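Asker: So here's coords.cif (mmCIF, C-alpha atoms).
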```cif
data_query
loop_
_atom_site.label_atom_id
_atom_site.label_comp_id
_atom_site.auth_asym_id
_atom_site.auth_seq_id
_atom_site.Cartn_x
_atom_site.Cartn_y
_atom_site.Cartn_z
CA MET A 1 93.95 175.12 139.25
CA GLN A 2 96.83 173.45 141.05
CA ASP A 3 99.07 174.47 138.11
CA GLY A 4 98.43 178.12 138.98
CA VAL A 5 98.96 177.52 142.69
CA LEU A 6 102.16 175.54 142.21
CA THR A 7 103.68 177.73 139.52
CA THR A 8 103.05 180.95 141.41
CA ALA A 9 104.17 179.51 144.73
CA GLY A 10 107.33 178.29 143.01
CA VAL A 11 107.94 181.70 141.39
CA LEU A 12 107.38 183.52 144.69
CA ALA A 13 109.67 181.18 146.56
CA GLY A 14 112.35 181.31 143.89
CA LEU A 15 112.28 185.09 143.48
CA SER A 16 112.16 185.68 147.22
CA GLY A 17 115.40 183.79 147.40
CA ALA A 18 116.98 185.77 144.57
CA VAL A 19 115.40 189.28 144.71
CA ALA A 20 115.22 191.46 147.80
CA ASN A 21 112.69 193.97 146.45
CA HIS A 22 109.12 192.95 147.41
CA SER A 23 107.45 194.89 144.58
CA GLN A 24 109.71 193.31 141.99
CA VAL A 25 108.77 189.87 143.26
CA VAL A 26 105.06 190.75 143.11
CA LEU A 27 105.38 192.16 139.58
CA ALA A 28 107.32 189.15 138.41
CA ALA A 29 104.73 186.81 139.95
CA LEU A 30 101.91 188.77 138.29
CA ALA A 31 103.69 188.59 134.94
CA SER A 32 104.21 184.87 135.47
CA THR A 33 100.51 184.47 136.31
CA VAL A 34 99.35 186.29 133.17
CA ALA A 35 101.81 184.41 130.99
CA GLY A 36 100.90 181.10 132.62
CA ALA A 37 97.14 181.72 132.27
CA LEU A 38 97.51 182.66 128.60
CA SER A 39 99.79 179.71 127.93
CA MET A 40 97.52 177.23 129.68
CA GLY A 41 94.36 178.70 128.15
CA VAL A 42 95.72 178.77 124.62
CA GLY A 43 97.22 175.30 125.09
CA ALA A 44 93.88 173.93 126.26
CA TYR A 45 92.07 175.65 123.37
CA LEU A 46 94.46 174.29 120.76
CA GLY A 47 94.53 170.81 122.30
CA THR A 48 90.72 170.53 122.50
CA HIS A 49 90.34 172.03 119.02
CA ALA A 50 92.72 169.46 117.51
CA GLU A 51 91.07 166.62 119.44
CA ARG A 52 87.66 167.79 118.31
CA GLU A 53 88.68 167.89 114.66
CA VAL A 54 90.19 164.41 114.79
CA LEU A 55 87.21 163.01 116.69
CA ARG A 56 84.72 164.64 114.32
CA THR A 57 86.52 163.09 111.35
CA GLU A 58 86.46 159.69 113.06
CA LEU A 59 82.75 160.05 113.87
CA ASP A 60 81.97 161.03 110.26
CA ARG A 61 83.94 158.05 108.98
CA ALA A 62 82.29 155.66 111.42
CA GLY A 63 78.82 157.05 110.65
CA LYS A 64 79.34 156.60 106.92
CA GLU A 65 80.54 153.04 107.40
CA ILE A 66 77.57 152.19 109.60
CA ARG A 67 75.07 153.69 107.14
CA ARG A 68 76.79 151.93 104.23
CA ASN A 69 76.78 148.54 106.01
CA PRO A 70 73.84 148.54 108.43
CA TYR A 71 73.75 144.73 108.64
CA ILE A 72 77.42 144.61 109.55
CA ALA A 73 76.93 147.40 112.08
CA GLN A 74 74.12 145.42 113.67
CA GLU A 75 76.24 142.26 113.76
CA GLU A 76 79.19 144.08 115.29
CA LEU A 77 77.03 145.79 117.88
CA LEU A 78 75.44 142.45 118.72
CA ARG A 79 78.90 140.95 119.15
CA GLU A 80 79.92 143.74 121.53
CA LEU A 81 76.76 143.32 123.60
CA GLU A 82 77.45 139.59 123.80
CA LYS A 83 80.98 140.33 125.01
CA GLU A 84 79.50 142.54 127.72
CA GLY A 85 77.34 139.71 129.01
CA LEU A 86 74.03 139.77 127.15
CA SER A 87 72.86 136.48 125.66
CA ARG A 88 72.88 136.43 121.87
CA GLU A 89 69.11 136.36 121.78
CA ALA A 90 68.75 139.29 124.21
CA GLY A 91 71.44 141.22 122.34
CA TYR A 92 69.64 140.58 119.07
CA ARG A 93 66.43 142.01 120.49
CA VAL A 94 68.23 145.08 121.86
CA VAL A 95 69.92 145.76 118.51
CA LYS A 96 66.66 145.19 116.67
CA LEU A 97 64.99 147.73 118.95
CA LEU A 98 67.83 150.23 118.46
CA SER A 99 67.52 149.75 114.71
CA THR A 100 64.03 151.23 114.77
CA ALA A 101 65.74 154.59 115.38
CA PRO A 102 68.60 154.72 112.83
CA GLY A 103 70.32 157.63 114.58
CA LEU A 104 70.40 155.68 117.81
CA LEU A 105 71.85 152.63 116.06
CA VAL A 106 74.60 154.84 114.60
CA SER A 107 75.47 156.55 117.89
CA THR A 108 75.38 153.31 119.90
CA THR A 109 77.52 151.49 117.33
CA GLU A 110 79.98 154.38 117.28
CA GLU A 111 80.28 154.16 121.03
CA LYS A 112 80.29 150.38 121.50
CA VAL A 113 82.11 149.24 118.34
CA PHE A 114 84.31 152.20 117.44
CA GLY A 115 84.87 153.44 120.99
CA ILE A 116 83.99 157.04 120.16
CA GLY A 117 80.98 159.24 120.82
CA GLY A 118 79.61 162.71 120.30
CA ALA A 119 79.77 163.32 124.05
CA MET A 120 83.56 163.22 123.75
CA LEU A 121 83.56 166.37 121.59
CA GLY A 122 84.96 169.13 123.80
CA ASN A 123 84.37 172.90 123.51
CA PRO A 124 87.74 174.54 122.75
CA ILE A 125 86.72 178.08 123.81
CA LEU A 126 85.15 176.90 127.03
CA ASP A 127 88.14 174.65 127.80
CA GLY A 128 90.56 177.51 127.11
CA VAL A 129 88.66 180.02 129.26
CA VAL A 130 88.16 177.57 132.10
CA MET A 131 91.83 176.62 132.04
CA GLY A 132 92.99 180.26 132.02
CA VAL A 133 90.58 181.36 134.75
CA ALA A 134 91.43 178.33 136.88
CA PHE A 135 95.13 179.14 136.54
CA VAL A 136 94.55 182.73 137.66
CA ALA A 137 92.33 181.58 140.54
CA GLY A 138 95.03 179.15 141.62
CA ALA A 139 97.73 181.80 141.30
CA LEU A 140 95.81 184.21 143.53
CA VAL A 141 96.03 181.78 146.44
CA PRO A 142 99.76 182.35 147.14
CA LEU A 143 99.83 185.76 145.47
CA ALA A 144 97.14 187.50 147.53
CA PRO A 145 98.79 187.10 150.95
CA PHE A 146 102.16 187.91 149.40
CA VAL A 147 100.83 191.19 147.99
CA PHE A 148 99.27 192.33 151.25
CA ILE A 149 102.11 191.36 153.58
CA ALA A 150 105.23 193.37 152.92
CA GLU A 151 107.30 191.90 155.75
CA PRO A 152 110.24 189.89 154.33
CA ARG A 153 110.06 186.15 154.96
CA VAL A 154 106.59 186.53 156.52
CA ASP A 155 105.15 187.28 153.07
CA LEU A 156 106.64 184.08 151.70
CA PHE A 157 105.54 181.95 154.64
CA ALA A 158 102.01 183.37 154.35
CA ALA A 159 101.98 182.58 150.64
CA LEU A 160 103.28 179.09 151.23
CA GLY A 161 100.83 178.59 154.09
CA ALA A 162 97.90 179.59 151.87
CA THR A 163 99.29 177.34 149.16
CA ALA A 164 99.55 174.45 151.58
CA ILE A 165 95.98 174.89 152.82
CA ALA A 166 94.62 175.30 149.28
CA LEU A 167 96.42 172.26 147.92
CA TYR A 168 95.58 170.11 150.89
CA SER A 169 91.94 171.15 150.44
CA VAL A 170 92.01 170.36 146.71
CA GLY A 171 93.59 166.98 147.42
CA TYR A 172 91.06 166.24 150.15
CA TYR A 173 88.20 167.27 147.84
CA GLU A 174 89.57 164.98 145.11
CA GLY A 175 89.65 162.13 147.64
CA TRP A 176 86.05 162.92 148.57
CA LEU A 177 84.98 162.93 144.92
CA ALA A 178 86.75 159.61 144.36
CA ASP A 179 85.09 158.27 147.52
CA ARG A 180 88.43 157.28 148.99
CA GLN A 181 88.67 156.02 152.58
CA ARG A 182 91.83 158.02 153.35
CA ARG A 183 91.04 161.45 151.98
CA TRP A 184 93.74 163.04 154.09
CA GLN A 185 96.31 161.08 152.06
CA SER A 186 95.14 162.78 148.88
CA GLY A 187 95.44 166.12 150.66
CA LEU A 188 98.94 165.30 151.89
CA ARG A 189 100.02 164.20 148.41
CA PHE A 190 99.08 167.58 146.98
CA LEU A 191 100.75 169.28 149.92
CA ALA A 192 103.98 167.31 149.47
CA ILE A 193 104.12 168.23 145.79
CA ALA A 194 103.54 171.89 146.56
CA MET A 195 106.15 171.99 149.26
CA GLY A 196 108.58 170.11 147.05
CA ALA A 197 108.10 172.56 144.17
CA ALA A 198 108.36 175.57 146.48
CA ALA A 199 111.46 174.21 148.20
CA ILE A 200 113.18 173.44 144.90
CA GLY A 201 112.26 176.90 143.55
CA TYR A 202 113.58 178.58 146.65
CA LEU A 203 116.83 176.60 146.53
CA ILE A 204 117.36 177.44 142.86
CA GLY A 205 116.70 181.11 143.70
CA LEU A 206 119.34 180.96 146.38
CA LEU A 207 121.79 179.37 143.97
CA ILE A 208 121.30 181.99 141.25
CA SER A 209 121.03 184.99 143.60
CA PRO A 210 124.73 185.89 143.26
CA LEU A 211 124.09 186.47 139.56
CA GLY A 212 121.58 189.23 140.39
CA GLY A 213 123.80 190.94 142.96
CA SER A 214 121.27 190.77 145.79
CA ALA A 215 119.83 188.16 148.10
CA GLY A 216 116.66 187.86 150.12
CA MET B 217 89.77 155.12 117.00
CA GLY B 218 89.79 154.59 113.29
CA ARG B 219 88.94 150.94 113.46
CA GLY B 220 86.24 149.69 111.17
CA PHE B 221 84.27 146.55 110.70
CA SER B 222 87.02 144.78 108.78
CA ARG B 223 88.54 143.06 111.82
CA ASN B 224 85.51 140.80 112.18
CA SER B 225 84.02 140.86 108.75
CA GLN B 226 86.70 138.95 106.90
CA THR B 227 87.21 135.27 107.34
CA ASP B 228 90.79 134.20 107.83
CA ARG B 229 91.30 131.35 105.38
CA SER B 230 93.99 129.80 107.52
CA SER B 231 91.47 129.27 110.29
CA ILE B 232 89.03 127.31 108.13
CA VAL B 233 89.91 123.68 108.39
CA CYS B 234 88.26 120.36 108.15
CA GLY B 235 88.61 117.85 110.94
CA THR B 236 90.55 118.29 114.12
CA ARG B 237 94.19 119.20 114.41
CA ASP B 238 94.90 115.58 115.28
CA HIS B 239 93.52 114.48 111.95
CA PRO B 240 96.32 113.01 109.81
CA LEU B 241 95.04 114.94 106.80
CA PHE B 242 94.76 118.17 108.75
CA ALA B 243 97.07 120.06 106.44
CA LEU B 244 95.44 118.73 103.28
CA ILE B 245 91.69 118.85 103.80
CA GLN B 246 89.89 121.90 102.45
CA MET B 247 86.27 122.71 101.79
CA LEU B 248 84.61 119.77 100.06
CA ILE B 249 84.18 120.02 96.30
CA PRO B 250 81.98 118.24 93.72
CA GLY B 251 82.72 114.53 93.69
CA ASP B 252 83.67 114.28 97.37
CA PRO B 253 81.50 111.94 99.45
CA ALA B 254 79.19 113.93 101.72
CA PRO B 255 80.18 113.25 105.34
CA SER B 256 77.29 111.73 107.26
CA PHE B 257 75.78 113.31 110.36
CA ASP B 258 73.05 112.61 112.84
CA LEU B 259 72.25 115.73 114.83
CA PRO B 260 69.46 117.33 116.85
CA ALA B 261 67.41 119.78 114.86
CA ALA B 262 64.48 122.14 115.16
CA ILE B 263 61.71 120.91 112.89
CA ASP B 264 58.26 122.50 112.77
CA ASP B 265 58.50 123.90 116.31
CA ARG B 266 59.71 120.60 117.79
CA ILE B 267 63.15 119.14 118.50
CA ASP B 268 64.11 115.93 116.68
CA HIS B 269 67.12 114.35 115.01
CA VAL B 270 68.18 114.66 111.40
CA ALA B 271 70.45 112.01 109.90
CA LEU B 272 71.83 112.31 106.40
CA ARG B 273 71.39 108.60 105.75
CA ARG B 274 67.67 108.73 106.54
CA ILE B 275 66.87 111.49 104.06
CA THR B 276 65.09 110.05 101.05
CA ALA B 277 64.99 113.14 98.83
CA ASP B 278 66.92 112.95 95.60
CA LEU B 279 68.97 116.07 96.34
CA ILE B 280 69.86 117.76 99.60
CA VAL B 281 70.65 121.44 99.90
CA LEU B 282 72.76 121.80 103.03
CA PHE B 283 73.61 125.35 103.90
CA PHE B 284 75.78 126.45 106.82
CA TYR B 285 75.37 129.88 108.38
CA PRO B 286 77.28 131.49 111.26
CA ARG B 287 74.73 132.05 114.03
CA ASP B 288 71.06 132.24 114.95
CA PHE B 289 69.76 135.66 115.94
CA SER B 290 71.85 137.62 113.50
CA PHE B 291 71.03 140.30 110.98
CA ILE B 292 72.39 138.80 107.77
CA CYS B 293 71.46 135.15 108.14
CA PRO B 294 67.67 135.69 108.35
CA THR B 295 67.56 136.95 104.78
CA GLU B 296 68.94 133.59 103.66
CA VAL B 297 67.10 131.40 106.13
CA ALA B 298 63.80 133.07 105.24
CA GLY B 299 64.74 133.07 101.56
CA PHE B 300 65.19 129.30 101.51
CA ASN B 301 61.89 128.97 103.36
CA LYS B 302 60.06 131.02 100.75
CA ALA B 303 61.52 128.88 97.96
CA MET B 304 60.94 125.58 99.75
CA LYS B 305 58.12 124.45 97.48
CA LEU B 306 60.23 125.11 94.40
CA PHE B 307 63.02 122.96 95.85
CA ALA B 308 60.48 120.27 96.79
CA GLU B 309 59.29 120.21 93.16
CA GLU B 310 62.85 119.21 92.27
CA ASN B 311 62.76 116.49 94.94
CA ALA B 312 65.32 118.47 96.91
CA THR B 313 65.18 118.91 100.66
CA ILE B 314 66.72 121.84 102.51
CA LEU B 315 68.77 121.71 105.70
CA GLY B 316 70.21 124.72 107.50
CA ALA B 317 73.01 124.24 110.02
CA SER B 318 74.86 126.36 112.54
CA VAL B 319 76.65 125.89 115.86
CA ASP B 320 73.58 126.97 117.83
CA SER B 321 71.53 124.53 119.89
CA ALA B 322 68.29 122.99 118.63
CA GLU B 323 66.41 125.04 121.26
CA SER B 324 67.99 128.22 119.93
CA HIS B 325 67.08 127.15 116.38
CA SER B 326 63.51 126.61 117.50
CA ARG B 327 63.26 130.11 119.02
CA TRP B 328 65.01 131.61 115.99
CA ALA B 329 62.59 129.87 113.63
CA ARG B 330 59.68 131.25 115.65
CA GLU B 331 61.26 134.72 115.50
CA LEU B 332 61.32 134.40 111.70
CA GLY B 333 57.68 133.40 111.58
CA GLY B 334 58.22 129.63 111.35
CA LEU B 335 60.29 127.54 108.97
CA GLY B 336 59.26 124.56 106.90
CA TYR B 337 62.66 122.89 106.88
CA PRO B 338 64.96 121.70 109.69
CA LEU B 339 67.70 123.76 111.28
CA VAL B 340 70.40 121.34 112.37
CA ALA B 341 72.28 121.92 115.64
CA ASP B 342 75.96 121.37 114.89
CA GLU B 343 76.89 122.58 118.35
CA ASN B 344 80.51 121.47 118.43
CA GLY B 345 81.04 122.31 114.77
CA GLU B 346 82.10 118.75 113.88
CA THR B 347 79.86 118.57 110.83
CA ALA B 348 81.01 121.97 109.60
CA ARG B 349 84.59 120.77 110.12
CA SER B 350 83.92 117.60 108.16
CA TYR B 351 82.69 119.73 105.25
CA GLY B 352 85.71 122.01 105.62
CA VAL B 353 83.69 125.10 106.43
CA PHE B 354 84.37 125.69 110.12
CA ASP B 355 86.11 128.89 111.11
CA GLU B 356 88.25 127.83 114.07
CA LYS B 357 88.99 131.42 115.05
CA GLU B 358 85.40 132.62 115.20
CA ARG B 359 84.10 129.17 116.25
CA VAL B 360 81.27 129.30 113.70
CA ALA B 361 80.57 127.81 110.29
CA ILE B 362 81.22 130.07 107.34
CA ARG B 363 78.45 130.91 104.89
CA ALA B 364 78.71 127.80 102.73
CA THR B 365 76.22 125.89 100.59
CA PHE B 366 76.37 122.28 99.41
CA VAL B 367 74.10 120.38 97.07
CA ILE B 368 74.36 116.66 97.77
CA ASP B 369 73.26 114.30 95.03
CA SER B 370 71.37 111.01 95.17
CA GLU B 371 74.63 109.09 95.64
CA ARG B 372 75.31 111.36 98.60
CA LYS B 373 78.24 112.96 96.93
CA ILE B 374 78.87 116.67 96.73
CA ALA B 375 77.39 117.97 93.47
CA PHE B 376 77.91 121.65 94.19
CA SER B 377 79.69 123.68 96.83
CA SER B 378 80.18 127.37 97.35
CA ALA B 379 81.06 129.79 100.11
CA THR B 380 80.75 133.53 100.40
CA SER B 381 82.26 136.18 102.60
CA ILE B 382 80.73 136.29 106.07
CA ASN B 383 79.20 139.64 105.07
CA VAL B 384 77.58 138.50 101.84
CA GLY B 385 74.32 136.61 101.77
CA ARG B 386 74.04 133.83 99.24
CA SER B 387 71.56 133.64 96.40
CA VAL B 388 68.68 131.24 96.96
CA SER B 389 67.62 131.56 93.32
CA GLU B 390 71.12 130.61 92.16
CA THR B 391 71.04 127.55 94.41
CA LEU B 392 67.66 126.62 92.91
CA ARG B 393 69.06 127.10 89.41
CA ILE B 394 71.96 124.77 90.27
CA VAL B 395 69.55 122.18 91.71
CA ARG B 396 67.41 122.31 88.58
CA ALA B 397 70.47 122.04 86.36
CA ILE B 398 71.79 119.03 88.29
CA ARG B 399 68.38 117.37 88.05
CA THR B 400 68.43 117.53 84.25
CA GLY B 401 71.49 115.30 84.12
CA ARG B 402 72.36 117.18 80.92
CA LEU B 403 75.11 119.54 79.88
CA CYS B 404 73.92 122.95 81.04
CA PRO B 405 75.74 125.94 79.59
CA ALA B 406 76.54 129.08 81.52
CA GLU B 407 73.50 130.97 82.82
CA TRP B 408 71.32 127.97 81.98
CA THR B 409 67.78 128.18 83.24
CA PRO B 410 64.81 125.88 82.57
CA GLY B 411 63.70 126.28 78.98
CA VAL B 412 67.14 127.17 77.68
CA ASP B 413 68.78 124.67 75.31
CA PHE B 414 71.14 122.07 76.69
CA GLY B 415 74.61 121.52 75.38
CA PRO B 416 75.27 118.73 72.85
CA ASP B 417 74.99 115.21 74.25
CA ASP B 418 78.24 114.08 72.67
CA VAL B 419 80.30 116.74 74.40
CA LYS B 420 81.24 116.14 77.97
CA TYR B 421 82.22 119.65 78.95
#
```
With the file now loaded, output its structure as structure tokens.
Answerer:
Amino acid sequence: MQDGVLTTAGVLAGLSGAVANHSQVVLAALASTVAGALSMGVGAYLGTHAEREVLRTELDRAGKEIRRNPYIAQEELLRELEKEGLSREAGYRVVKLLSTAPGLLVSTTEEKVFGIGGAMLGNPILDGVVMGVAFVAGALVPLAPFVFIAEPRVDLFAALGATAIALYSVGYYEGWLADRQRRWQSGLRFLAIAMGAAAIGYLIGLLISPLGGSAG
Amino acid sequence: MGRGFSRNSQTDRSSIVCGTRDHPLFALIQMLIPGDPAPSFDLPAAIDDRIDHVALRRITADLIVLFFYPRDFSFICPTEVAGFNKAMKLFAEENATILGASVDSAESHSRWARELGGLGYPLVADENGETARSYGVFDEKERVAIRATFVIDSERKIAFSSATSINVGRSVSETLRIVRAIRTGRLCPAEWTPGVDFGPDDVKY
């Protein structure tokens, strides 16, 4: 989501510095939002799809090896449980119990010995849609006030203000999820990044504005 | 990802040594072979649900089958440990006694034997691996004995020795065949089993 917020805030700031026409800035920001959402969504879909294929191959390979060598799988799983603190005898009994359900032995060995598991298989379509929608939702934060306020400078400050509040809130929420003591620091970190990106975008816009023949 | 069982399932030969690194013959000593004197030991052992000591010098049986295995409470070893137990009477008929040994404690051996339904032969507790080292079958990296079998003759010399991959259980019936062949004192051709003709007496090999 913060990708959408930051990208759009950066575009708005940059174009406001370079283009005087409010509608042009809005259209450009909308185009950037659509392109960004598609790019992020497709990127997430392709990335998850590739990861899923690789992981599925690894799981198949691990499953075959475990079924081909069940004794070795049991020994390896026992060794891992010992490493994690179980006594050999207790580990033996756990593995023996798991072995009464072959599927469970396979999945536990995959996870403990091979470091992979079926739960790691992502959903490419869902990931792509979520990423695209999150980007659009993030983009709307600076875009909405910018669209409804036509006053030069005020529109940008409103957009940046909304961006600042949104990012601080996201950062604070992240700090809350991570159970951090200083949640406000997480909020400020997001805010600093947003302001940095917006400021850099605005400065670049100012620098390239002579090329467009107009300035904001 | 992509890792298999191979990292733990192969024994690194360079890590199997006999004796300590301070031993002057460190670089020379390998797994004992037929003709080598059997190193003596006197170690705690689990015998018939009680803890006692087993000393090589006190064993009166004609032949001793000493087999090393990596650990108690494992999934490969029980097939061998139980296999030797099932064949114990057949070994006894050949005046051969069986000893199992691993780096586990005698108490662990006792619980392990109970887990397997009871054993009729001792499991020796070679806790620091010194005996396995003296037979050249201690894996220094894994800190366990490898899967090795020795048959010790009446002169307490090695009459037979073999070792298998950590993943491969040994054959109890093959060990029994070897014991029976040794007991004949005759020239036994390949695949010899009781009832099969011996080789000529005037030929040594």
Asker: Check the smallest atom-to-atom distance from each of B:Ile374, B:Val384, B:Ala271, B:Val319 to Ala361 in chain B using all atoms listed in the file, then report the winner.
Answerer: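 Of all the options, B:Val319 lies closest to Ala361 in chain B.
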Asker: Contacts from chain A to chain B, 6 Å maximum, only C-alpha atoms: show me the residue list as an NGL selection string.
Answerer: :A and (71 or 89 or 92)
Asker: Determine the nearest neighbour of Asn69 in chain A from the options A:Gly43, A:Lys83, A:Leu143, A:Val106, counting all atoms listed in the file.
Answerer: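 Using all atoms listed in the file, the shortest distance to Asn69 in chain A belongs to A:Val106.
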Asker: On this structure, the PyMOL selection byres ((chain B and resi 279-285) around 6) would catch which residues? List them as a VMD selection string, sorted by chain and number.
Answerer: chain B and resid 277 to 278 286 312 to 318 361 to 370
Asker: For the structure shown, which residues end up in the PyMOL selection byres ((chain B and resi 250) around 12)? Put them as a VMD selection string, please?
Answerer: chain B and resid 247 to 249 251 to 254 351 365 to 369 371 to 378 398
Asker: Find, counting all atoms listed in the file, the residue in A:Gly103, A:Gly175, A:Gly4, A:Gly17 that gets nearest to Leu207 in chain A.
Answerer: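 Nearest to Leu207 in chain A: A:Gly17.
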Asker: Which value, in Å to one decimal, gives the distance between CA of Phe257 in chain B and CA of Lys302 in chain B?
Answerer: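 Going from CA of Phe257 in chain B over to CA of Lys302 in chain B covers 25.6 Å.
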Asker: Which residues would end up in the selection if the PyMOL selection byres ((chain B and resi 409) around 9) were applied here, given that I need the answer as a short mmCIF file (atom, residue, chain, number, x, y, z; two decimals) with C-alpha atoms, in the frame of the given file?
Answerer:
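So result-v3.cif came out as:
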```cif
data_model
loop_
_atom_site.label_atom_id
_atom_site.label_comp_id
_atom_site.auth_asym_id
_atom_site.auth_seq_id
_atom_site.Cartn_x
_atom_site.Cartn_y
_atom_site.Cartn_z
CA ARG B 393 69.06 127.10 89.41
CA ILE B 394 71.96 124.77 90.27
CA ARG B 396 67.41 122.31 88.58
CA ALA B 397 70.47 122.04 86.36
CA CYS B 404 73.92 122.95 81.04
CA ALA B 406 76.54 129.08 81.52
CA GLU B 407 73.50 130.97 82.82
CA TRP B 408 71.32 127.97 81.98
CA PRO B 410 64.81 125.88 82.57
CA GLY B 411 63.70 126.28 78.98
CA VAL B 412 67.14 127.17 77.68
CA ASP B 413 68.78 124.67 75.31
#
```
Asker: Quick one: of B:Asp265, B:Thr295, B:Pro260, B:Pro255, who's nearest to Gly385 in chain B, counting all atoms listed in the file?
Answerer: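 Among B:Asp265, B:Thr295, B:Pro260, B:Pro255, it is B:Thr295 that comes nearest to Gly385 in chain B.
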Asker: Between A:Arg189, A:Arg67, A:Arg153, A:Arg61, which has the minimum distance to Ile116 in chain A (counting all atoms listed in the file)?
Answerer: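 The shortest atom-to-atom distance to Ile116 in chain A comes from A:Arg61.
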Asker: CA of Leu392 in chain B and CA of Met304 in chain B are how many Å apart?
Answerer: 9.6 Å
Asker: Restricting the calculation to only C-alpha atoms, which member of A:Leu98, A:Leu59, A:Ala144, A:Met1 is positioned closest to Leu156 in chain A?
Answerer: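 Selected residue with least distance to Leu156 in chain A: A:Ala144.
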Asker: Would you list the contacts of Leu335 in chain B as a list in words, taking every protein, DNA or RNA residue within 8 Å and counting all atoms listed in the file, but skipping same-chain residues closer than 5 positions in sequence?
Answerer: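 Within the cut-off, the hits are Ile263, Asp264, Ala298, Asn301, Ala329 and Arg330 of chain B.
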Asker: Between CA of Ala197 in chain A and CA of Leu6 in chain A, measure the distance and give it in Å to one decimal.
Answerer: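 Taking CA of Ala197 in chain A and CA of Leu6 in chain A, their separation equals 6.9 Å.
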